[in-house]
>>> print(open('run-v5.cif').read())   # mmCIF, C-alpha atoms
data_target
#
loop_
_atom_site.label_atom_id
_atom_site.label_comp_id
_atom_site.auth_asym_id
_atom_site.auth_seq_id
_atom_site.Cartn_x
_atom_site.Cartn_y
_atom_site.Cartn_z
CA MET T 1 85.23 141.13 83.87
CA THR T 2 84.63 140.41 80.18
CA PRO T 3 85.39 136.93 78.81
CA GLN T 4 88.37 138.46 77.00
CA ASP T 5 89.82 139.76 80.26
CA GLN T 6 89.47 136.29 81.72
CA VAL T 7 91.51 134.77 78.88
CA VAL T 8 94.28 137.29 79.51
CA ASP T 9 94.01 136.54 83.20
CA ILE T 10 94.57 132.79 82.71
CA ASP T 11 97.57 133.48 80.49
CA ALA T 12 99.04 135.67 83.18
CA LEU T 13 98.37 133.03 85.83
CA GLU T 14 99.99 130.35 83.70
CA THR T 15 103.06 132.49 83.15
CA GLU T 16 103.32 133.17 86.87
CA PHE T 17 102.86 129.46 87.59
CA GLN T 18 105.62 128.44 85.16
CA GLU T 19 107.94 131.12 86.57
CA ARG T 20 107.43 129.73 90.04
CA ILE T 21 108.31 126.24 88.78
CA ASP T 22 111.35 127.49 86.86
CA ALA T 23 112.53 129.17 90.06
CA GLU T 24 112.35 125.74 91.79
CA LYS T 25 109.57 126.89 94.11
CA LYS T 26 107.15 124.14 95.11
CA ILE T 27 103.47 124.27 94.23
CA GLU T 28 101.23 123.81 97.27
CA PRO T 29 97.62 122.52 97.46
CA LYS T 30 95.68 125.79 97.44
CA ASP T 31 97.86 127.56 94.82
CA TRP T 32 96.40 128.31 91.42
CA MET T 33 97.48 125.65 88.93
CA PRO T 34 96.56 124.81 85.33
CA GLU T 35 93.79 122.20 85.18
CA ALA T 36 96.05 119.93 83.11
CA TYR T 37 98.75 120.05 85.81
CA ARG T 38 96.16 119.08 88.43
CA ARG T 39 94.77 116.27 86.25
CA THR T 40 98.24 114.92 85.40
CA LEU T 41 99.21 114.84 89.06
CA ILE T 42 95.97 113.23 90.22
CA ARG T 43 96.44 110.56 87.55
CA GLN T 44 100.10 109.97 88.37
CA ILE T 45 99.81 110.05 92.19
CA SER T 46 96.70 107.88 92.30
CA GLN T 47 98.30 105.34 89.93
CA HIS T 48 101.32 105.37 92.18
CA ALA T 49 99.10 104.83 95.26
CA HIS T 50 97.21 102.00 93.56
CA SER T 51 100.55 100.37 92.68
CA GLU T 52 101.61 100.35 96.32
CA VAL T 53 98.28 98.89 97.41
CA VAL T 54 98.06 96.24 94.66
CA GLY T 55 101.77 95.54 95.22
CA GLN T 56 100.88 94.01 98.57
CA LEU T 57 99.10 91.12 96.87
CA PRO T 58 101.92 89.20 95.14
CA GLU T 59 104.06 89.46 98.30
CA GLY T 60 101.27 88.88 100.80
CA ASN T 61 100.78 85.58 98.98
CA TRP T 62 104.03 84.31 100.57
CA ILE T 63 103.70 85.54 104.17
CA THR T 64 102.37 82.22 105.46
CA ARG T 65 104.99 80.28 103.48
CA ALA T 66 108.14 82.30 104.25
CA PRO T 67 111.01 79.88 104.97
CA SER T 68 111.78 81.14 108.50
CA LEU T 69 110.25 83.24 111.24
CA ARG T 70 112.86 85.94 110.50
CA ARG T 71 111.88 86.11 106.81
CA LYS T 72 108.20 86.09 107.77
CA ALA T 73 108.55 89.03 110.17
CA ILE T 74 110.53 90.97 107.53
CA LEU T 75 108.00 90.26 104.79
CA LEU T 76 105.11 91.24 107.04
CA ALA T 77 106.83 94.55 107.82
CA LYS T 78 107.53 95.16 104.14
CA VAL T 79 103.93 94.51 103.11
CA GLN T 80 102.75 96.87 105.90
CA ASP T 81 105.10 99.50 104.47
CA GLU T 82 103.49 99.11 101.03
CA ALA T 83 100.09 99.77 102.62
CA GLY T 84 101.57 102.80 104.36
CA HIS T 85 103.10 104.10 101.13
CA GLY T 86 99.75 103.74 99.40
CA LEU T 87 98.16 105.82 102.15
CA TYR T 88 100.82 108.58 102.01
CA LEU T 89 100.15 108.84 98.29
CA TYR T 90 96.34 108.81 98.50
CA SER T 91 96.72 111.51 101.12
CA ALA T 92 98.83 113.58 98.68
CA ALA T 93 96.35 113.07 95.83
CA GLU T 94 93.47 114.14 98.09
CA THR T 95 95.10 117.56 98.53
CA LEU T 96 94.38 118.12 94.81
CA GLY T 97 90.64 117.73 95.35
CA SER T 98 90.40 114.08 94.36
CA SER T 99 88.39 112.02 96.86
CA ARG T 100 89.54 108.70 98.24
CA GLU T 101 86.17 107.20 97.26
CA GLN T 102 86.62 108.23 93.65
CA MET T 103 90.16 106.90 93.42
CA VAL T 104 89.28 103.56 95.01
CA ASP T 105 86.17 103.23 92.84
CA ASP T 106 88.22 103.98 89.70
CA LEU T 107 90.71 101.27 90.63
CA HIS T 108 88.01 98.69 91.24
CA ALA T 109 86.17 99.62 88.05
CA GLY T 110 89.38 99.02 86.07
CA LYS T 111 89.48 102.71 85.05
CA ALA T 112 92.71 103.53 86.91
CA LYS T 113 96.05 101.96 86.13
CA TYR T 114 98.70 100.61 88.46
CA SER T 115 102.20 99.37 87.79
CA SER T 116 102.10 96.37 85.43
CA ILE T 117 104.79 94.59 87.40
CA PHE T 118 102.18 93.48 89.94
CA ASN T 119 100.28 91.55 87.30
CA TYR T 120 103.00 88.91 87.26
CA PRO T 121 102.63 85.91 89.58
CA THR T 122 105.02 85.05 92.45
CA LEU T 123 105.74 81.41 91.62
CA SER T 124 108.53 80.53 94.03
CA TRP T 125 109.99 81.88 97.27
CA ALA T 126 112.86 83.40 95.27
CA ASP T 127 110.36 85.80 93.67
CA ILE T 128 109.93 87.52 97.03
CA PRO T 129 113.57 88.62 97.52
CA ALA T 130 113.76 89.24 93.73
CA ILE T 131 110.84 91.68 94.01
CA GLY T 132 112.35 93.45 97.01
CA TRP T 133 115.67 93.84 95.25
CA LEU T 134 114.66 94.42 91.60
CA VAL T 135 111.15 95.87 91.74
CA ASP T 136 111.68 98.02 94.81
CA GLY T 137 115.16 98.80 93.49
CA ALA T 138 113.65 100.15 90.27
CA ALA T 139 110.97 101.98 92.25
CA ILE T 140 113.67 103.64 94.38
CA VAL T 141 115.46 105.01 91.30
CA ASN T 142 112.17 106.49 90.14
CA GLN T 143 111.15 107.74 93.58
CA VAL T 144 114.47 109.34 94.45
CA ALA T 145 114.00 111.44 91.30
CA LEU T 146 110.44 112.26 92.39
CA CYS T 147 111.60 113.64 95.76
CA ARG T 148 112.32 116.86 93.83
CA THR T 149 109.01 116.92 91.97
CA SER T 150 107.33 120.34 91.80
CA TYR T 151 104.19 119.48 93.80
CA GLY T 152 104.92 119.85 97.53
CA PRO T 153 102.72 117.10 99.02
CA TYR T 154 103.91 114.58 96.39
CA SER T 155 107.53 115.50 97.02
CA ARG T 156 107.11 115.15 100.79
CA ALA T 157 105.39 111.76 100.41
CA MET T 158 108.27 110.58 98.21
CA ILE T 159 110.88 111.66 100.74
CA ARG T 160 109.06 109.67 103.41
CA VAL T 161 108.75 106.65 101.09
CA CYS T 162 112.42 106.74 100.06
CA LYS T 163 113.54 106.68 103.68
CA GLU T 164 111.71 103.37 104.08
CA GLU T 165 112.39 101.77 100.70
CA SER T 166 116.07 101.05 101.13
CA PHE T 167 115.09 98.46 103.75
CA HIS T 168 113.03 96.76 101.02
CA ALA T 169 115.86 96.58 98.50
CA ARG T 170 118.45 95.47 101.05
CA GLN T 171 116.34 92.70 102.58
CA GLY T 172 115.65 91.52 99.01
CA PHE T 173 119.31 91.41 98.04
CA GLU T 174 120.17 89.63 101.27
CA GLY T 175 117.51 87.02 100.53
CA MET T 176 118.87 86.54 97.00
CA LEU T 177 122.40 86.21 98.36
CA ALA T 178 121.24 83.45 100.72
CA LEU T 179 119.83 81.54 97.74
CA ALA T 180 122.86 82.25 95.54
CA ARG T 181 125.11 80.77 98.23
CA GLY T 182 122.79 77.80 98.75
CA ASN T 183 122.46 74.43 97.05
CA GLU T 184 121.94 73.82 93.34
CA ALA T 185 118.16 73.92 93.61
CA GLN T 186 118.31 77.27 95.43
CA LYS T 187 120.72 78.73 92.88
CA LYS T 188 118.41 77.62 90.09
CA MET T 189 115.45 79.20 91.86
CA CYS T 190 117.41 82.45 92.22
CA GLN T 191 118.32 82.57 88.51
CA ASP T 192 114.77 81.68 87.50
CA ALA T 193 113.35 84.60 89.51
CA ILE T 194 115.89 86.97 87.90
CA ASN T 195 114.95 85.64 84.46
CA ARG T 196 111.27 86.35 85.02
CA TYR T 197 111.58 89.72 86.81
CA TRP T 198 114.44 91.37 84.90
CA TRP T 199 112.50 92.67 81.90
CA PRO T 200 109.31 93.57 83.77
CA ALA T 201 111.50 95.56 86.23
CA LEU T 202 113.13 97.46 83.35
CA MET T 203 109.71 98.17 81.88
CA MET T 204 108.55 99.76 85.14
CA PHE T 205 110.24 102.96 83.90
CA GLY T 206 107.65 103.19 81.14
CA PRO T 207 107.96 103.42 77.37
CA SER T 208 111.06 104.71 75.65
CA ASP T 209 111.29 108.51 75.57
CA ALA T 210 110.39 108.56 71.88
CA ASP T 211 107.07 106.78 72.66
CA SER T 212 106.20 108.66 75.82
CA PRO T 213 103.69 111.32 74.76
CA ASN T 214 103.18 113.10 78.11
CA SER T 215 106.82 113.27 79.09
CA ALA T 216 107.77 116.66 77.59
CA GLN T 217 104.99 118.53 79.41
CA SER T 218 105.69 116.73 82.68
CA MET T 219 109.37 117.67 82.39
CA LYS T 220 108.45 121.30 81.73
CA TRP T 221 106.27 121.31 84.84
CA LYS T 222 109.07 119.52 86.71
CA ILE T 223 106.68 116.77 87.76
CA LYS T 224 109.26 114.49 86.16
CA ARG T 225 112.90 115.46 86.53
CA PHE T 226 114.51 112.74 84.39
CA SER T 227 113.33 110.86 81.31
CA ASN T 228 112.22 107.22 81.40
CA ASP T 229 115.33 106.08 79.51
CA GLU T 230 117.70 108.01 81.79
CA LEU T 231 116.20 106.41 84.89
CA ARG T 232 116.16 102.94 83.30
CA GLN T 233 119.86 103.32 82.42
CA LYS T 234 120.67 104.32 85.99
CA PHE T 235 118.91 101.19 87.27
CA VAL T 236 120.67 98.91 84.77
CA ASP T 237 124.07 100.41 85.62
CA GLN T 238 123.64 99.84 89.34
CA THR T 239 121.98 96.41 89.10
CA VAL T 240 124.11 94.49 86.57
CA PRO T 241 127.14 94.43 88.92
CA GLN T 242 124.84 93.20 91.71
CA ILE T 243 123.67 90.30 89.51
CA GLU T 244 127.32 89.50 88.82
CA TYR T 245 128.07 89.63 92.54
CA LEU T 246 125.37 87.00 93.08
CA GLY T 247 127.10 84.86 90.46
CA MET T 248 123.93 84.92 88.39
CA GLU T 249 123.39 85.84 84.74
CA VAL T 250 121.63 88.84 83.25
CA PRO T 251 118.93 87.28 81.07
CA ASP T 252 119.93 89.45 78.09
CA ALA T 253 122.65 88.30 75.68
CA ASP T 254 123.08 91.89 74.44
CA CYS T 255 123.72 93.35 77.87
CA LYS T 256 127.33 94.57 77.74
CA TRP T 257 129.42 97.35 79.25
CA ASN T 258 129.89 100.11 76.70
CA GLU T 259 133.23 101.73 77.39
CA GLU T 260 132.54 104.69 75.13
CA ARG T 261 129.20 105.60 76.72
CA GLY T 262 130.27 104.61 80.22
CA HIS T 263 127.01 102.67 80.58
CA TYR T 264 125.65 99.18 80.03
CA ASP T 265 123.93 98.59 76.69
CA ILE T 266 120.81 96.43 76.79
CA GLY T 267 118.94 94.41 74.17
CA GLU T 268 115.54 95.13 72.67
CA MET T 269 112.83 95.14 75.33
CA PRO T 270 109.70 92.99 74.89
CA TRP T 271 107.34 95.95 74.50
CA GLU T 272 104.51 93.94 72.97
CA GLU T 273 104.20 92.03 76.21
CA PHE T 274 104.40 95.29 78.18
CA PHE T 275 101.50 96.87 76.32
CA ALA T 276 99.46 93.66 76.51
CA VAL T 277 99.87 93.61 80.30
CA ILE T 278 98.95 97.31 80.53
CA LYS T 279 95.80 96.63 78.54
CA GLY T 280 94.78 93.99 81.08
CA HIS T 281 96.05 90.81 79.42
CA GLY T 282 98.75 90.05 82.01
CA PRO T 283 98.74 86.78 83.92
CA CYS T 284 97.12 88.26 87.04
CA ASN T 285 95.27 91.49 86.10
CA HIS T 286 91.85 90.02 86.79
CA GLU T 287 92.89 88.26 89.99
CA ARG T 288 94.47 91.42 91.46
CA LEU T 289 91.40 93.60 90.95
CA GLN T 290 89.12 90.90 92.26
CA ALA T 291 91.23 90.58 95.42
CA ARG T 292 91.11 94.37 95.94
CA GLN T 293 87.34 94.51 95.41
CA LYS T 294 86.83 91.59 97.79
CA ALA T 295 88.95 93.22 100.52
CA HIS T 296 87.02 96.48 100.12
CA ASP T 297 83.59 94.80 100.18
CA GLU T 298 84.45 92.60 103.13
CA GLY T 299 85.70 95.63 105.05
CA ASN T 300 82.46 97.51 104.54
CA TRP T 301 80.78 96.22 107.71
CA VAL T 302 83.80 97.37 109.72
CA ARG T 303 83.50 100.92 108.40
CA GLU T 304 79.74 100.80 108.94
CA ALA T 305 80.16 99.61 112.55
CA ALA T 306 82.85 102.23 113.27
CA LEU T 307 80.58 105.00 111.99
CA ALA T 308 77.61 103.65 113.98
CA TYR T 309 79.76 103.58 117.12
CA GLN T 310 80.96 107.13 116.48
CA LYS T 311 77.34 108.31 116.11
CA LYS T 312 76.25 106.53 119.28
CA GLN T 313 79.10 108.08 121.28
CA ALA T 314 78.32 111.55 119.88
CA ASP T 315 74.62 111.18 120.71
CA LYS T 316 75.47 110.06 124.23
CA LYS T 317 77.71 113.08 124.74
CA GLN T 318 74.93 115.38 123.50
CA SER T 319 72.28 113.90 125.81
CA VAL T 320 74.62 114.32 128.80
CA ALA T 321 75.33 117.95 127.86
CA MET F 1 75.02 97.29 100.21
CA VAL F 2 75.70 100.97 100.78
CA ASP F 3 79.39 101.68 100.37
CA GLN F 4 80.70 103.28 103.58
CA TYR F 5 83.52 105.81 103.62
CA LEU F 6 85.15 107.49 106.59
CA PRO F 7 85.89 111.22 107.08
CA LEU F 8 89.35 112.74 106.57
CA TRP F 9 91.62 113.67 109.50
CA GLU F 10 94.89 115.62 109.31
CA VAL F 11 97.82 114.21 111.27
CA PHE F 12 100.56 116.06 113.20
CA VAL F 13 103.48 114.20 114.77
CA ARG F 14 106.01 115.33 117.37
CA SER F 15 109.26 113.52 116.59
CA LYS F 16 110.74 113.94 120.06
CA ARG F 17 110.36 115.94 123.25
CA GLY F 18 111.16 119.60 122.76
CA MET F 19 110.09 119.67 119.09
CA ASP F 20 106.92 121.07 117.51
CA HIS F 21 104.17 118.83 116.21
CA LYS F 22 104.59 118.79 112.44
CA HIS F 23 101.97 118.07 109.80
CA CYS F 24 102.74 114.81 108.02
CA GLY F 25 99.62 113.71 106.13
CA SER F 26 96.10 112.46 106.65
CA VAL F 27 94.06 109.36 107.41
CA HIS F 28 90.41 108.37 107.07
CA ALA F 29 88.72 107.33 110.33
CA ALA F 30 85.27 107.19 111.91
CA ASP F 31 86.24 108.98 115.12
CA ALA F 32 89.16 110.61 116.93
CA GLU F 33 90.27 107.45 118.68
CA GLN F 34 90.40 105.46 115.46
CA ALA F 35 92.15 108.36 113.70
CA LEU F 36 94.88 108.28 116.37
CA GLN F 37 95.37 104.54 115.98
CA TYR F 38 95.50 104.75 112.19
CA ALA F 39 97.88 107.71 112.35
CA ARG F 40 100.15 105.68 114.63
CA ASP F 41 100.12 102.73 112.19
CA VAL F 42 100.64 104.87 109.09
CA TYR F 43 103.06 107.57 110.24
CA THR F 44 105.09 106.13 113.14
CA ARG F 45 106.03 102.59 112.08
CA ARG F 46 109.69 103.33 112.80
CA SER F 47 109.37 105.31 116.04
CA GLU F 48 109.10 108.62 114.15
CA GLY F 49 107.06 110.15 116.96
CA ASN F 50 106.12 110.15 120.60
CA SER F 51 103.02 112.32 120.35
CA ILE F 52 100.30 112.63 117.70
CA TRP F 53 97.58 115.22 117.12
CA VAL F 54 94.68 114.50 114.80
CA VAL F 55 92.04 117.00 113.75
CA GLU F 56 89.16 116.44 111.39
CA ALA F 57 90.15 118.16 108.15
CA LYS F 58 86.90 120.17 107.93
CA HIS F 59 87.78 122.03 111.14
CA ILE F 60 91.06 123.47 109.80
CA VAL F 61 90.92 127.12 108.79
CA ALA F 62 93.66 128.16 106.37
CA SER F 63 94.79 131.44 104.85
CA GLN F 64 94.30 131.63 101.10
CA PRO F 65 97.29 131.81 98.73
CA ASP F 66 95.28 134.18 96.50
CA ASP F 67 95.26 136.79 99.27
CA GLN F 68 98.79 135.94 100.27
CA GLU F 69 100.32 139.25 99.23
CA ALA F 70 97.76 141.47 100.91
CA PHE F 71 97.55 139.20 103.91
CA PHE F 72 101.27 139.13 104.65
CA GLU F 73 102.14 142.55 103.22
CA PRO F 74 102.08 144.43 106.56
CA ALA F 75 105.33 142.70 107.56
CA ASP F 76 107.15 143.39 104.29
CA ASP F 77 108.20 147.00 104.95
CA LYS F 78 109.28 146.55 108.55
CA VAL F 79 112.89 145.54 108.08
CA TYR F 80 113.68 147.23 111.40
CA ARG F 81 112.13 144.19 113.09
CA HIS F 82 115.22 142.19 112.12
CA ALA F 83 118.41 142.32 114.14
CA THR F 84 120.49 142.67 110.97
CA PHE F 85 118.89 146.10 110.34
CA TYR F 86 121.10 147.70 112.97
CA ASP F 87 124.75 148.71 112.53
CA VAL F 88 126.74 147.86 115.61
CA PRO F 89 130.52 148.44 115.60
CA ALA F 90 132.45 145.21 115.33
CA ASP F 91 134.36 145.77 118.55
CA VAL F 92 131.19 145.86 120.64
CA LYS F 93 130.88 142.40 122.18
CA HIS F 94 127.88 140.30 123.23
CA MET F 95 125.48 142.07 120.87
#
>>> encode(input="run-v5.cif", output="structure tokens")
Amino acid sequence: MTPQDQVVDIDALETEFQERIDAEKKIEPKDWMPEAYRRTLIRQISQHAHSEVVGQLPEGNWITRAPSLRRKAILLAKVQDEAGHGLYLYSAAETLGSSREQMVDDLHAGKAKYSSIFNYPTLSWADIPAIGWLVDGAAIVNQVALCRTSYGPYSRAMIRVCKEESFHARQGFEGMLALARGNEAQKKMCQDAINRYWWPALMMFGPSDADSPNSAQSMKWKIKRFSNDELRQKFVDQTVPQIEYLGMEVPDADCKWNEERGHYDIGEMPWEEFFAVIKGHGPCNHERLQARQKAHDEGNWVREAALAYQKKQADKKQSVA
Amino acid sequence: MVDQYLPLWEVFVRSKRGMDHKHCGSVHAADAEQALQYARDVYTRRSEGNSIWVVEAKHIVASQPDDQEAFFEPADDKVYRHATFYDVPADVKHM
């Protein structure tokens, strides 16, 4: 084959690939795919996996201090779910030829991103139900949309995750409701957590469509099915009435129902803060990565021992045989 | 310190008696026993299964999508293997 033939060949493959996507057929691990599609997915899925794993840290912080045995058991189960979700996603990313070692190393080296929301501290108990309700609530909106993403293993992981996430949002809302119906100090705590988590939760959907450079291509490949602003709007529309139900206030004076649009309008988002946190200047960026690195390093002897045991057992089997 | 990493195992779960084992993902583990325990913790936290198979990923042999057409082509022109190929009068029962 001459180099020219190869060029034609790739064009043909790309056309065939796009046709398959347009026909709503899933792409599976061993299918031919454009390198950029593979790279985009590896980046997105591994970031998503890292977010689940790092997301355990702010919540894990409160397991020993949960106000009752019931809340402690629930929180423990939720944090275990986050670990599980991270593993489903790493598993999906590995089908694209990315190794677990590489992804974990990139996270620890600060080369890979994770959701900025987890760089905010959990200052009071109310932050824990607020995270379950707002942060997992926002994640659900995003993840429900991703259940129909074009890459099969990612889509299947999202379906599995979504089945488990509604427990997270509901236990969070229930916890907020308990505080909202409590004494003055508890109500104050509840409002304070909403004040601090409202904007970061809205920013989880990413920059506005106009400032989101990769969005158009991802939509064409049907990796993304809805734009950042569409998903953010959906979250706002479903959450504002829930805040009102709690008897709390939306920390945005411009947040009003817009009869004409049939949606809630919101005020200007604090994007400067968002980009500062993404660049590593959030309150907890350093602490989170250090905690991950420490957990990995301190687990090394366990992996080493497990491998040594496996080798010993295999050798024993061989000498018997 | 040499960083240690564990090999990849594919996981198949049977959701209940009478069903097939179905592929659901993978785990990293040092040996089969550990792979089973990890698979249980990762994929059956809500009683999603009552039986798990694990197999080290390197042992799986898969057909290639590139050869898909040629590989599966022999079945394409044998429509007579399907029941719907045959015309049976509507008043013939139990067919």
>>> closest_residue(input="run-v5.cif", among="F:Ala83, F:Met19, F:Glu10, F:Tyr5", to="Tyr38 in chain F", atoms="all atoms listed in the file")
F:Glu10
>>> interface_residues(input="run-v5.cif", of="chain F", to="chain T", cutoff="9 Å", atoms="all atoms listed in the file", output="list in words")
Met1, Val2, Asp3, Gln4, Tyr5, Leu6, Cys24, Gly25, Ser26, Val27, His28, Ala29, Ala30, Asp31, Ala32, Gln34, Asp41, Val42, Tyr43, Arg45, Arg46, Gln64, Pro65 and Asp66 of chain F
>>> closest_residue(input="run-v5.cif", among="F:Val92, F:Ile52, F:Val79, F:Ile60", to="Lys22 in chain F", atoms="all atoms listed in the file")
F:Ile52
>>> atom_distance(input="run-v5.cif", atom1="CA of Val277 in chain T", atom2="CA of Arg196 in chain T")
14.3 Å
>>> resolve_selection(input="run-v5.cif", expression="the PyMOL selection byres ((chain T and resi 190) around 7)", output="list in words")
Ala126, Met176, Leu179, Ala180, Gln186, Lys187, Lys188, Met189, Gln191, Asp192, Ala193 and Ile194 of chain T
>>> residues_around(input="run-v5.cif", residues="range 281-290 of chain T", least_positions_apart="5", cutoff="9 Å", atoms="all atoms listed in the file", output="list in words")
Val54, Leu57, Pro58, Leu107, His108, Ala109, Gly110, Ser116, Phe118, Asn119, Tyr120, Pro121, Glu273, Phe274, Phe275, Ala276 and Ala295 of chain T
>>> atom_distance(input="run-v5.cif", atom1="CA of Lys113 in chain T", atom2="CA of Ala201 in chain T")
16.7 Å
>>> closest_residue(input="run-v5.cif", among="F:Glu69, F:Trp53, F:Ser15, F:Asp76", to="Gln37 in chain F", atoms="only C-alpha atoms")
F:Trp53
>>> residues_near_point(input="run-v5.cif", point="(96.3, 114.8, 90.0)", cutoff="12 Å", atoms="all atoms listed in the file", output="PDB file with C-alpha atoms, keeping the file's coordinate frame")
ATOM      1  CA  PRO T  29      97.620 122.520  97.460  1.00  0.00           C
ATOM      2  CA  MET T  33      97.480 125.650  88.930  1.00  0.00           C
ATOM      3  CA  PRO T  34      96.560 124.810  85.330  1.00  0.00           C
ATOM      4  CA  GLU T  35      93.790 122.200  85.180  1.00  0.00           C
ATOM      5  CA  ALA T  36      96.050 119.930  83.110  1.00  0.00           C
ATOM      6  CA  TYR T  37      98.750 120.050  85.810  1.00  0.00           C
ATOM      7  CA  ARG T  38      96.160 119.080  88.430  1.00  0.00           C
ATOM      8  CA  ARG T  39      94.770 116.270  86.250  1.00  0.00           C
ATOM      9  CA  THR T  40      98.240 114.920  85.400  1.00  0.00           C
ATOM     10  CA  LEU T  41      99.210 114.840  89.060  1.00  0.00           C
ATOM     11  CA  ILE T  42      95.970 113.230  90.220  1.00  0.00           C
ATOM     12  CA  ARG T  43      96.440 110.560  87.550  1.00  0.00           C
ATOM     13  CA  GLN T  44     100.100 109.970  88.370  1.00  0.00           C
ATOM     14  CA  ILE T  45      99.810 110.050  92.190  1.00  0.00           C
ATOM     15  CA  SER T  46      96.700 107.880  92.300  1.00  0.00           C
ATOM     16  CA  GLN T  47      98.300 105.340  89.930  1.00  0.00           C
ATOM     17  CA  HIS T  48     101.320 105.370  92.180  1.00  0.00           C
ATOM     18  CA  ALA T  49      99.100 104.830  95.260  1.00  0.00           C
ATOM     19  CA  LEU T  89     100.150 108.840  98.290  1.00  0.00           C
ATOM     20  CA  TYR T  90      96.340 108.810  98.500  1.00  0.00           C
ATOM     21  CA  SER T  91      96.720 111.510 101.120  1.00  0.00           C
ATOM     22  CA  ALA T  92      98.830 113.580  98.680  1.00  0.00           C
ATOM     23  CA  ALA T  93      96.350 113.070  95.830  1.00  0.00           C
ATOM     24  CA  GLU T  94      93.470 114.140  98.090  1.00  0.00           C
ATOM     25  CA  THR T  95      95.100 117.560  98.530  1.00  0.00           C
ATOM     26  CA  LEU T  96      94.380 118.120  94.810  1.00  0.00           C
ATOM     27  CA  GLY T  97      90.640 117.730  95.350  1.00  0.00           C
ATOM     28  CA  SER T  98      90.400 114.080  94.360  1.00  0.00           C
ATOM     29  CA  SER T  99      88.390 112.020  96.860  1.00  0.00           C
ATOM     30  CA  MET T 103      90.160 106.900  93.420  1.00  0.00           C
ATOM     31  CA  TYR T 151     104.190 119.480  93.800  1.00  0.00           C
ATOM     32  CA  PRO T 153     102.720 117.100  99.020  1.00  0.00           C
ATOM     33  CA  TYR T 154     103.910 114.580  96.390  1.00  0.00           C
ATOM     34  CA  ILE T 223     106.680 116.770  87.760  1.00  0.00           C
TER      35      ILE T 223
END
